[in-house]
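Printed here is structure-v9.txt (compact mmCIF, C-alpha atoms):
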```
# COMPACT_ATOMS: atom_id res chain seq x y z
CA MET A 1 -56.77 21.02 -42.95
CA THR A 2 -59.15 22.03 -40.17
CA LYS A 3 -60.41 25.59 -40.62
CA ILE A 4 -61.18 27.77 -37.62
CA GLY A 5 -62.89 31.10 -38.26
CA VAL A 6 -62.14 34.22 -36.24
CA VAL A 7 -64.80 36.94 -36.38
CA THR A 8 -63.58 40.52 -36.47
CA PHE A 9 -66.02 43.09 -35.10
CA PRO A 10 -65.37 46.85 -35.17
CA GLY A 11 -63.14 47.27 -32.12
CA SER A 12 -61.87 43.68 -31.90
CA LEU A 13 -58.23 43.69 -30.76
CA ASP A 14 -56.98 40.15 -30.40
CA GLU A 15 -58.06 38.51 -33.61
CA ARG A 16 -54.50 38.41 -34.98
CA ASP A 17 -53.28 36.65 -31.84
CA ALA A 18 -56.16 34.20 -32.23
CA HIS A 19 -55.10 33.55 -35.84
CA ARG A 20 -51.55 32.93 -34.66
CA ALA A 21 -52.72 30.54 -31.92
CA ILE A 22 -54.81 28.57 -34.41
CA ARG A 23 -51.86 28.34 -36.84
CA LEU A 24 -49.48 27.22 -34.08
CA ALA A 25 -52.02 24.59 -33.02
CA GLY A 26 -52.05 23.17 -36.54
CA ALA A 27 -55.19 24.52 -38.17
CA GLU A 28 -55.91 27.17 -40.78
CA PRO A 29 -57.29 30.46 -39.41
CA VAL A 30 -60.00 32.08 -41.53
CA ALA A 31 -60.76 35.77 -41.14
CA LEU A 32 -64.53 36.37 -40.87
CA TRP A 33 -66.19 39.78 -40.99
CA HIS A 34 -69.02 40.91 -38.70
CA GLY A 35 -71.02 42.43 -41.55
CA ASP A 36 -71.16 39.25 -43.67
CA HIS A 37 -73.66 36.42 -43.54
CA ASP A 38 -70.97 33.85 -44.42
CA LEU A 39 -68.92 31.47 -42.24
CA GLN A 40 -66.84 30.41 -45.29
CA GLY A 41 -67.13 26.72 -44.50
CA VAL A 42 -65.16 26.80 -41.23
CA ASP A 43 -65.24 23.87 -38.80
CA ALA A 44 -65.07 25.93 -35.58
CA LEU A 45 -65.32 29.57 -34.48
CA VAL A 46 -63.45 31.95 -32.22
CA LEU A 47 -64.97 35.25 -31.09
CA PRO A 48 -61.89 37.25 -30.09
CA GLY A 49 -61.15 39.74 -27.35
CA GLY A 50 -61.22 43.50 -27.65
CA PHE A 51 -63.72 46.31 -27.27
CA SER A 52 -66.30 45.81 -30.01
CA TYR A 53 -68.16 49.09 -30.58
CA GLY A 54 -66.12 50.62 -27.76
CA ASP A 55 -68.26 48.70 -25.23
CA TYR A 56 -71.10 51.11 -26.12
CA LEU A 57 -74.53 50.13 -24.72
CA ARG A 58 -73.04 47.11 -22.87
CA ALA A 59 -69.84 45.16 -23.55
CA GLY A 60 -70.59 42.83 -26.48
CA ALA A 61 -74.21 43.94 -26.87
CA ILE A 62 -74.02 45.64 -30.26
CA ALA A 63 -71.72 42.97 -31.71
CA SER A 64 -74.18 40.30 -30.54
CA ILE A 65 -76.78 41.55 -33.02
CA SER A 66 -74.41 42.04 -35.96
CA PRO A 67 -75.21 40.24 -39.25
CA ILE A 68 -72.78 37.31 -38.90
CA MET A 69 -74.21 36.43 -35.47
CA THR A 70 -77.27 34.90 -37.20
CA GLU A 71 -74.94 32.29 -38.70
CA VAL A 72 -72.83 32.01 -35.51
CA VAL A 73 -75.91 31.29 -33.37
CA ALA A 74 -77.23 28.73 -35.89
CA ALA A 75 -73.84 26.98 -36.10
CA ALA A 76 -73.45 26.95 -32.29
CA ASN A 77 -76.93 25.49 -31.88
CA ALA A 78 -76.04 22.84 -34.48
CA GLY A 79 -73.03 21.77 -32.37
CA MET A 80 -70.09 23.63 -33.94
CA PRO A 81 -67.28 24.32 -31.44
CA VAL A 82 -67.35 28.03 -30.54
CA LEU A 83 -64.87 29.74 -28.21
CA GLY A 84 -65.52 33.26 -26.88
CA ILE A 85 -62.54 35.00 -25.33
CA CYS A 86 -63.04 38.08 -23.11
CA ASN A 87 -65.12 40.41 -25.33
CA GLY A 88 -66.05 37.25 -27.27
CA PHE A 89 -67.42 35.78 -24.01
CA GLN A 90 -69.41 38.99 -23.50
CA VAL A 91 -70.80 38.64 -27.05
CA LEU A 92 -71.81 35.01 -26.33
CA VAL A 93 -73.78 35.94 -23.20
CA GLU A 94 -75.43 38.89 -24.96
CA ALA A 95 -76.38 36.50 -27.81
CA HIS A 96 -77.86 34.11 -25.19
CA LEU A 97 -75.56 31.27 -26.28
CA LEU A 98 -74.26 31.20 -22.70
CA PRO A 99 -76.20 32.13 -19.53
CA GLY A 100 -75.53 34.99 -17.12
CA GLY A 101 -73.81 38.30 -17.70
CA LEU A 102 -70.55 40.19 -17.22
CA ILE A 103 -70.36 43.45 -15.30
CA ARG A 104 -67.67 45.95 -14.41
CA ASN A 105 -64.95 44.57 -12.12
CA ASP A 106 -65.96 44.99 -8.47
CA HIS A 107 -62.88 47.12 -7.74
CA GLY A 108 -63.82 49.44 -10.63
CA THR A 109 -60.49 49.27 -12.45
CA PHE A 110 -59.02 47.44 -15.42
CA ILE A 111 -56.83 44.49 -14.43
CA ARG A 112 -53.98 42.67 -16.21
CA ARG A 113 -52.34 39.68 -14.58
CA ASP A 114 -51.04 36.19 -15.30
CA GLN A 115 -53.91 34.28 -13.73
CA VAL A 116 -53.97 30.74 -12.39
CA LEU A 117 -57.14 28.91 -13.40
CA LYS A 118 -58.44 25.54 -12.30
CA VAL A 119 -59.84 23.46 -15.15
CA GLU A 120 -63.05 21.91 -13.82
CA CYS A 121 -64.79 20.66 -16.94
CA THR A 122 -62.83 18.55 -19.41
CA ASP A 123 -65.65 17.19 -21.55
CA THR A 124 -65.91 20.20 -23.88
CA ALA A 125 -64.52 20.44 -27.41
CA TRP A 126 -62.03 23.03 -26.15
CA THR A 127 -60.84 21.50 -22.83
CA HIS A 128 -60.70 17.71 -23.26
CA GLN A 129 -56.88 17.72 -23.44
CA PHE A 130 -56.60 19.08 -19.88
CA GLU A 131 -56.68 16.97 -16.72
CA GLN A 132 -59.67 17.43 -14.42
CA GLY A 133 -58.62 19.84 -11.64
CA GLN A 134 -55.41 20.90 -13.43
CA ASP A 135 -54.02 24.38 -12.74
CA ILE A 136 -53.11 26.43 -15.82
CA VAL A 137 -51.74 29.97 -16.21
CA ILE A 138 -53.52 32.26 -18.68
CA PRO A 139 -53.20 36.06 -19.05
CA LEU A 140 -56.25 38.01 -17.90
CA LYS A 141 -56.92 41.61 -19.01
CA ASN A 142 -60.32 43.24 -18.73
CA GLY A 143 -62.43 45.95 -17.17
CA GLU A 144 -65.78 44.15 -17.23
CA GLY A 145 -65.07 40.59 -16.20
CA GLY A 146 -67.35 40.13 -13.21
CA TYR A 147 -69.44 37.05 -13.97
CA ILE A 148 -72.95 37.15 -12.55
CA ALA A 149 -76.08 35.06 -12.84
CA ASP A 150 -79.17 34.51 -10.72
CA ALA A 151 -79.11 31.80 -8.05
CA GLU A 152 -81.06 29.35 -10.20
CA THR A 153 -78.65 29.69 -13.16
CA LEU A 154 -75.62 29.35 -10.88
CA ALA A 155 -77.07 26.20 -9.31
CA GLU A 156 -77.72 24.78 -12.78
CA LEU A 157 -74.16 25.56 -13.98
CA GLU A 158 -72.63 24.04 -10.83
CA GLY A 159 -74.99 21.05 -10.78
CA GLU A 160 -74.36 20.16 -14.41
CA GLY A 161 -70.60 20.66 -14.14
CA ARG A 162 -70.64 23.53 -16.64
CA VAL A 163 -68.16 25.78 -14.82
CA VAL A 164 -65.16 25.19 -17.08
CA PHE A 165 -62.54 27.45 -15.47
CA ARG A 166 -62.41 28.87 -11.94
CA TYR A 167 -60.03 31.58 -10.66
CA ARG A 168 -57.43 30.20 -8.24
CA HIS A 169 -55.68 32.01 -5.36
CA VAL A 170 -57.39 35.34 -6.07
CA ASN A 171 -60.73 36.42 -7.50
CA PRO A 172 -59.62 39.27 -9.80
CA ASN A 173 -62.97 40.87 -10.58
CA GLY A 174 -65.71 39.82 -8.17
CA SER A 175 -67.05 36.98 -10.33
CA LEU A 176 -69.65 34.91 -8.48
CA ASN A 177 -68.32 31.48 -7.39
CA ASP A 178 -64.89 32.55 -8.80
CA ILE A 179 -66.19 31.69 -12.28
CA ALA A 180 -63.73 32.45 -15.11
CA GLY A 181 -65.38 30.43 -17.87
CA ILE A 182 -68.50 28.36 -18.58
CA THR A 183 -69.96 26.10 -21.25
CA ASN A 184 -73.43 25.50 -22.70
CA ALA A 185 -75.54 22.37 -22.21
CA GLY A 186 -74.15 20.90 -25.46
CA ARG A 187 -70.53 21.42 -24.26
CA ASN A 188 -69.57 22.89 -27.67
CA VAL A 189 -69.71 26.60 -26.73
CA VAL A 190 -67.14 27.84 -24.19
CA GLY A 191 -66.64 31.40 -22.99
CA LEU A 192 -63.91 32.67 -20.68
CA MET A 193 -62.52 36.04 -19.64
CA PRO A 194 -58.78 35.16 -19.66
CA HIS A 195 -56.92 35.00 -22.99
CA PRO A 196 -55.63 31.53 -23.99
CA GLU A 197 -54.42 32.93 -27.34
CA HIS A 198 -51.79 34.92 -25.41
CA ALA A 199 -50.29 31.72 -23.94
CA VAL A 200 -49.32 29.66 -26.96
CA GLU A 201 -45.62 30.22 -27.67
CA PRO A 202 -42.56 30.11 -25.35
CA GLY A 203 -41.09 33.58 -24.95
CA PHE A 204 -44.42 35.32 -25.51
CA GLY A 205 -46.66 33.76 -22.86
CA PRO A 206 -47.38 34.45 -19.20
CA ASP A 207 -44.72 34.08 -16.52
CA THR A 208 -44.65 30.68 -14.86
CA SER A 209 -42.65 29.22 -11.98
CA VAL A 210 -40.32 27.69 -14.62
CA ALA A 211 -39.32 30.86 -16.49
CA MET A 212 -40.47 34.30 -17.54
CA ARG A 213 -43.01 34.34 -20.39
CA SER A 214 -42.76 30.57 -20.78
CA GLY A 215 -46.44 29.73 -20.36
CA THR A 216 -48.13 27.89 -23.22
CA ASP A 217 -51.15 26.40 -21.45
CA GLY A 218 -53.53 28.23 -23.77
CA LEU A 219 -52.43 26.27 -26.83
CA LYS A 220 -54.26 23.18 -25.57
CA LEU A 221 -57.67 24.78 -26.07
CA PHE A 222 -56.94 25.11 -29.77
CA THR A 223 -55.26 21.69 -30.25
CA ALA A 224 -58.22 20.17 -28.34
CA ALA A 225 -60.75 21.66 -30.74
CA ILE A 226 -58.74 20.47 -33.74
CA GLU A 227 -58.49 16.94 -32.30
CA ALA A 228 -62.23 16.90 -31.52
CA LEU A 229 -63.03 17.95 -35.09
CA GLN A 230 -60.69 15.39 -36.64
CA ALA A 231 -62.24 12.64 -34.51
CA VAL A 232 -65.70 13.33 -35.98
CA MET B 1 -91.02 65.25 -33.34
CA PRO B 2 -91.99 63.35 -30.16
CA THR B 3 -89.33 61.71 -28.06
CA ILE B 4 -89.69 58.52 -26.04
CA VAL B 5 -87.45 58.25 -22.99
CA VAL B 6 -86.23 54.84 -21.82
CA GLU B 7 -84.50 54.53 -18.45
CA VAL B 8 -82.43 51.53 -17.44
CA MET B 9 -80.86 50.80 -14.04
CA PRO B 10 -78.52 48.07 -12.84
CA LYS B 11 -80.47 45.50 -10.82
CA ALA B 12 -80.85 46.61 -7.22
CA GLU B 13 -79.36 43.42 -5.81
CA LEU B 14 -76.16 43.73 -7.88
CA LEU B 15 -73.07 45.67 -6.98
CA ASP B 16 -72.87 48.87 -9.05
CA PRO B 17 -69.13 49.67 -9.17
CA GLN B 18 -69.74 52.96 -11.04
CA GLY B 19 -72.21 54.22 -8.45
CA LYS B 20 -69.88 53.10 -5.68
CA ALA B 21 -66.96 55.01 -7.25
CA ILE B 22 -69.11 58.15 -7.58
CA ALA B 23 -70.26 57.85 -3.95
CA GLY B 24 -66.60 57.53 -2.95
CA ALA B 25 -65.70 60.68 -4.90
CA LEU B 26 -68.58 62.60 -3.30
CA ALA B 27 -67.41 61.47 0.13
CA ARG B 28 -63.95 62.87 -0.62
CA THR B 29 -65.56 66.26 -1.31
CA GLY B 30 -67.30 66.18 2.06
CA ARG B 31 -70.67 64.79 0.91
CA GLY B 32 -70.48 61.28 2.26
CA GLU B 33 -74.19 60.93 3.09
CA PHE B 34 -75.22 59.64 -0.37
CA GLN B 35 -75.53 56.17 -1.76
CA VAL B 36 -75.29 56.41 -5.57
CA ARG B 37 -76.46 54.10 -8.33
CA GLN B 38 -75.77 54.94 -11.98
CA GLY B 39 -78.17 54.06 -14.78
CA LYS B 40 -78.78 54.99 -18.41
CA ARG B 41 -81.26 57.22 -20.20
CA PHE B 42 -82.06 56.72 -23.90
CA GLU B 43 -84.01 59.20 -26.03
CA LEU B 44 -85.75 57.72 -29.09
CA THR B 45 -87.08 60.47 -31.34
CA VAL B 46 -89.61 59.50 -34.02
CA PRO B 47 -91.55 61.35 -36.71
CA GLY B 48 -95.34 61.50 -36.36
CA VAL B 49 -97.45 60.51 -33.37
CA VAL B 50 -96.60 58.13 -30.55
CA THR B 51 -99.32 55.46 -30.52
CA GLN B 52 -99.82 52.84 -27.81
CA GLU B 53 -98.63 50.28 -30.37
CA LEU B 54 -95.36 52.17 -30.88
CA LEU B 55 -94.87 52.51 -27.12
CA ASP B 56 -95.33 48.74 -26.78
CA GLU B 57 -92.71 48.20 -29.50
CA VAL B 58 -90.29 50.55 -27.75
CA ARG B 59 -90.84 48.65 -24.49
CA GLU B 60 -89.91 45.48 -26.37
CA ILE B 61 -86.74 47.14 -27.73
CA ALA B 62 -85.96 48.47 -24.25
CA GLU B 63 -86.18 45.01 -22.71
CA HIS B 64 -84.33 43.11 -25.42
CA VAL B 65 -81.75 45.54 -26.83
CA LEU B 66 -81.36 48.63 -24.62
CA SER B 67 -81.12 46.51 -21.46
CA ASN B 68 -79.92 43.05 -20.49
CA GLY B 69 -82.43 41.45 -18.14
CA VAL B 70 -79.68 39.47 -16.42
CA ILE B 71 -78.01 42.59 -15.07
CA GLU B 72 -80.44 45.48 -15.60
CA ASP B 73 -84.08 46.54 -15.24
CA VAL B 74 -86.05 48.88 -17.50
CA VAL B 75 -87.44 51.35 -14.97
CA GLY B 76 -89.23 53.76 -17.31
CA VAL B 77 -90.64 54.06 -20.84
CA ARG B 78 -92.50 57.34 -21.35
CA VAL B 79 -93.14 60.11 -23.85
CA LEU B 80 -91.21 63.27 -23.15
CA GLU B 81 -93.64 66.20 -22.96
CA PRO B 82 -92.59 69.09 -25.24
CA ALA B 83 -92.74 71.58 -22.35
CA ALA B 84 -90.51 69.40 -20.20
CA ARG B 85 -88.12 69.13 -23.10
CA GLN B 86 -87.75 72.88 -23.40
CA GLU B 87 -86.96 73.07 -19.71
CA VAL B 88 -84.17 70.54 -20.27
```

Once more with this new file: its structure as C-alpha cells, please.
Amino acid sequence: MTKIGVVTFPGSLDERDAHRAIRLAGAEPVALWHGDHDLQGVDALVLPGGFSYGDYLRAGAIASISPIMTEVVAAANAGMPVLGICNGFQVLVEAHLLPGGLIRNDHGTFIRRDQVLKVECTDTAWTHQFEQGQDIVIPLKNGEGGYIADAETLAELEGEGRVVFRYRHVNPNGSLNDIAGITNAGRNVVGLMPHPEHAVEPGFGPDTSVAMRSGTDGLKLFTAAIEALQAV
Amino acid sequence: MPTIVVEVMPKAELLDPQGKAIAGALARTGRGEFQVRQGKRFELTVPGVVTQELLDEVREIAEHVLSNGVIEDVVGVRVLEPAARQEV
C-alpha cells in the first residue's frame, strides 16, 4: 500500500485530519516527527497546517530548519510528491522549495471561509485528477496567507503555468495575482493556503450549493498523488 | 558579555498590515499624522570579544535565518555599547 508521511512539528494542528484524508483516499498515513532524520520509507509527504513554533520569528521559519527538513528537501529535490498545506506551505517557502513568501493578511485579521478556487495547473502529482479551469470549494483558515513575490518571480510562475490554485470571486488575504497555491519547476512540490484535508468526507466538508458540509473536492489531491505513485 | 543587535524591517514596497493597524489605532487617539512600519530587533549576546569575523557571521545569520529576503530587509547589525545598554 502507498505510504504518505505527515510531518508533525511542535504546534502543528491538522496532522490528524491529514492522516484521515490519506486513509480515506486509500493510502497508509505514516506519522513523522520533526526531530528525526528518518522518512520511514514513505512514497510522498504532507506538511500539515497549524502554527509550528507559534509562528515565532516568521510563520514556518523555525520548522523549516528542523532536523527532518534535511531529508524532506532532499526527497523533494529527488522528485518525491510533497504537499504543503497552510503552515506547511509557509514551511516550504521558508525552506526555499517554493518561491515567494507569505505575509499577514492585508486586512490584518484571521479569516475562515469556504473558498472557491480555480484549478489552473493539472500536471502536478497532486492535481492531475482535476479538470483545467475547474472550480473547487476548499476551507481556508489563516492569519498569514498573503502570497507575495517579486515581479520577476511572479512572471516566471505565470509564464511557466505554475500557479496551481487561484482564489475565485474574492481575494481573501491580499495575495498577489489572487494566488492560493503554486508548484515548483519539477511539478512534484505543491503548496497552498486552503485546507484540502478538511474537504474529504460528506458531512464534514465545506458548504456547497448542493448541501451543507457536503464538499469533498479536497480528496482528489490525495487520490491524485496515490494514482501518480502507483503509475510509476 | 557583549551584545550584537540585529534589526529587521518589512520591505518598504510591501504592505505592512501591523504598522497600518498601529497607525489606525494612533489615529483613533487623535494622533493621525503618523505613518507606522513595524520591524523586529534581535539581541545576540555572546561571551568574549566581538571580532569582525563574528560580526560577519552574525550578518550571515541575520540574512538567512533572522530575516527572509523575500519579505524583509536587514537594516542594522551592530554591537550594543555597554553605556547605551545601561540607558536602556

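Near Gly5 of chain A, within 7 Å and counting all atoms listed in the file, sit Pro29, Val30, Ala31, Leu32, Val42, Ala44, Leu45 and Val46 of chain A; same-chain residues fewer than 3 positions away were not included.
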
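Non-sequential neighbours of segment 16-30 of chain B (distance at most 10 Å, separation of 4 or more positions within a chain, only C-alpha atoms) are A:Ile103, A:Arg104, A:Asn105, A:Asp106, A:His107, A:Gly108, A:Thr109, B:Met9, B:Pro10, B:Lys11, B:Ala12, B:Phe34, B:Gln35, B:Val36, B:Arg37, B:Gln38, B:Gly39.
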
* To do: Please identify all polymer residues within 10 Å of segment 175-179 of chain A, counting all atoms listed in the file, omitting same-chain residues fewer than 6 positions from it, and present them as a VMD selection string.
  => chain A and resid 102 to 106 117 to 118 145 to 151 154 158 163 to 169 192 to 193

* Structure fact -> re atom CA of Ala225 of chain A and atom CA of Leu47 of chain A: distance 14.2 Å

* Asked: Of the candidates B:Leu15, B:Leu55, B:Ala62, B:Val74, which shows the shortest atom-to-atom distance to chain A, using all atoms listed in the file?
  ->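 With all atoms listed in the file as the atom set, the closest residue is B:Leu15.
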
* Using all atoms listed in the file, find the one residue out of A:Val91, A:Val137, A:Leu98, A:Leu57 that sits nearest to Ile182 of chain A. => A:Leu98

* **For atom CA of Pro10 of chain A and atom CA of Asn142 of chain A, the interatomic separation in Å (one decimal)** =>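 Taking atom CA of Pro10 of chain A and atom CA of Asn142 of chain A, their separation equals 17.6 Å.
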
* To do: Measuring atom to atom with all atoms listed in the file, identify which of A:Phe204, A:Tyr56, A:Trp33, A:Phe9 is nearest to chain B.
  => A:Tyr56

* Structure fact -> Closest of A:Gly101, A:Pro81, A:Gly205, A:Gly60 to chain B, counting all atoms listed in the file, is A:Gly101

* Could you tell me how far atom CA of Phe42 of chain B lies from atom CA of Ile65 of chain A, in Å and to one decimal? =>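 A separation of 18.5 Å between them.
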
* To do: Find the residues near Gly76 of chain B: any atom within 8 Å, counting all atoms listed in the file, skip ones fewer than 5 places away on the same chain, and give them as a ChimeraX atom specification.
  => /B:5-8

* Residue contacts of Val93 of chain A (10 Å, only C-alpha atoms) excluding same-chain residues fewer than 6 positions away, as a ChimeraX atom specification -> /A:60-61,64,84,87,99-102,191 /B:68,70

Using all atoms listed in the file, find each residue in segment 49-140 of chain A having at least one atom no more than 10 Å away from segment 206-223 of chain A; report its shortest atom-to-atom pair and that distance in Å (one decimal), rows by chain then rising number, as a Markdown table.
```
| residue | atom | partner | partner_atom | distance |
| --- | --- | --- | --- | --- |
| A:Leu83 | CA | A:Leu221 | CA | 9.0 |
| A:Arg113 | CA | A:Pro206 | CA | 8.6 |
| A:Asp114 | CA | A:Pro206 | CA | 5.6 |
| A:Gln115 | CA | A:Pro206 | CA | 8.5 |
| A:Val116 | CA | A:Thr208 | CA | 9.6 |
| A:Thr124 | CA | A:Leu221 | CA | 9.7 |
| A:Ala125 | CA | A:Leu221 | CA | 8.2 |
| A:Trp126 | CA | A:Leu221 | CA | 4.7 |
| A:Thr127 | CA | A:Leu221 | CA | 5.6 |
| A:His128 | CA | A:Leu221 | CA | 8.2 |
| A:Gln129 | CA | A:Lys220 | CA | 6.4 |
| A:Phe130 | CA | A:Lys220 | CA | 7.4 |
| A:Asp135 | CA | A:Asp217 | CA | 9.4 |
| A:Ile136 | CA | A:Asp217 | CA | 6.0 |
| A:Val137 | CA | A:Asp217 | CA | 6.4 |
| A:Ile138 | CA | A:Gly218 | CA | 6.5 |
| A:Pro139 | CA | A:Pro206 | CA | 6.0 |
| A:Leu140 | CA | A:Pro206 | CA | 9.6 |
```
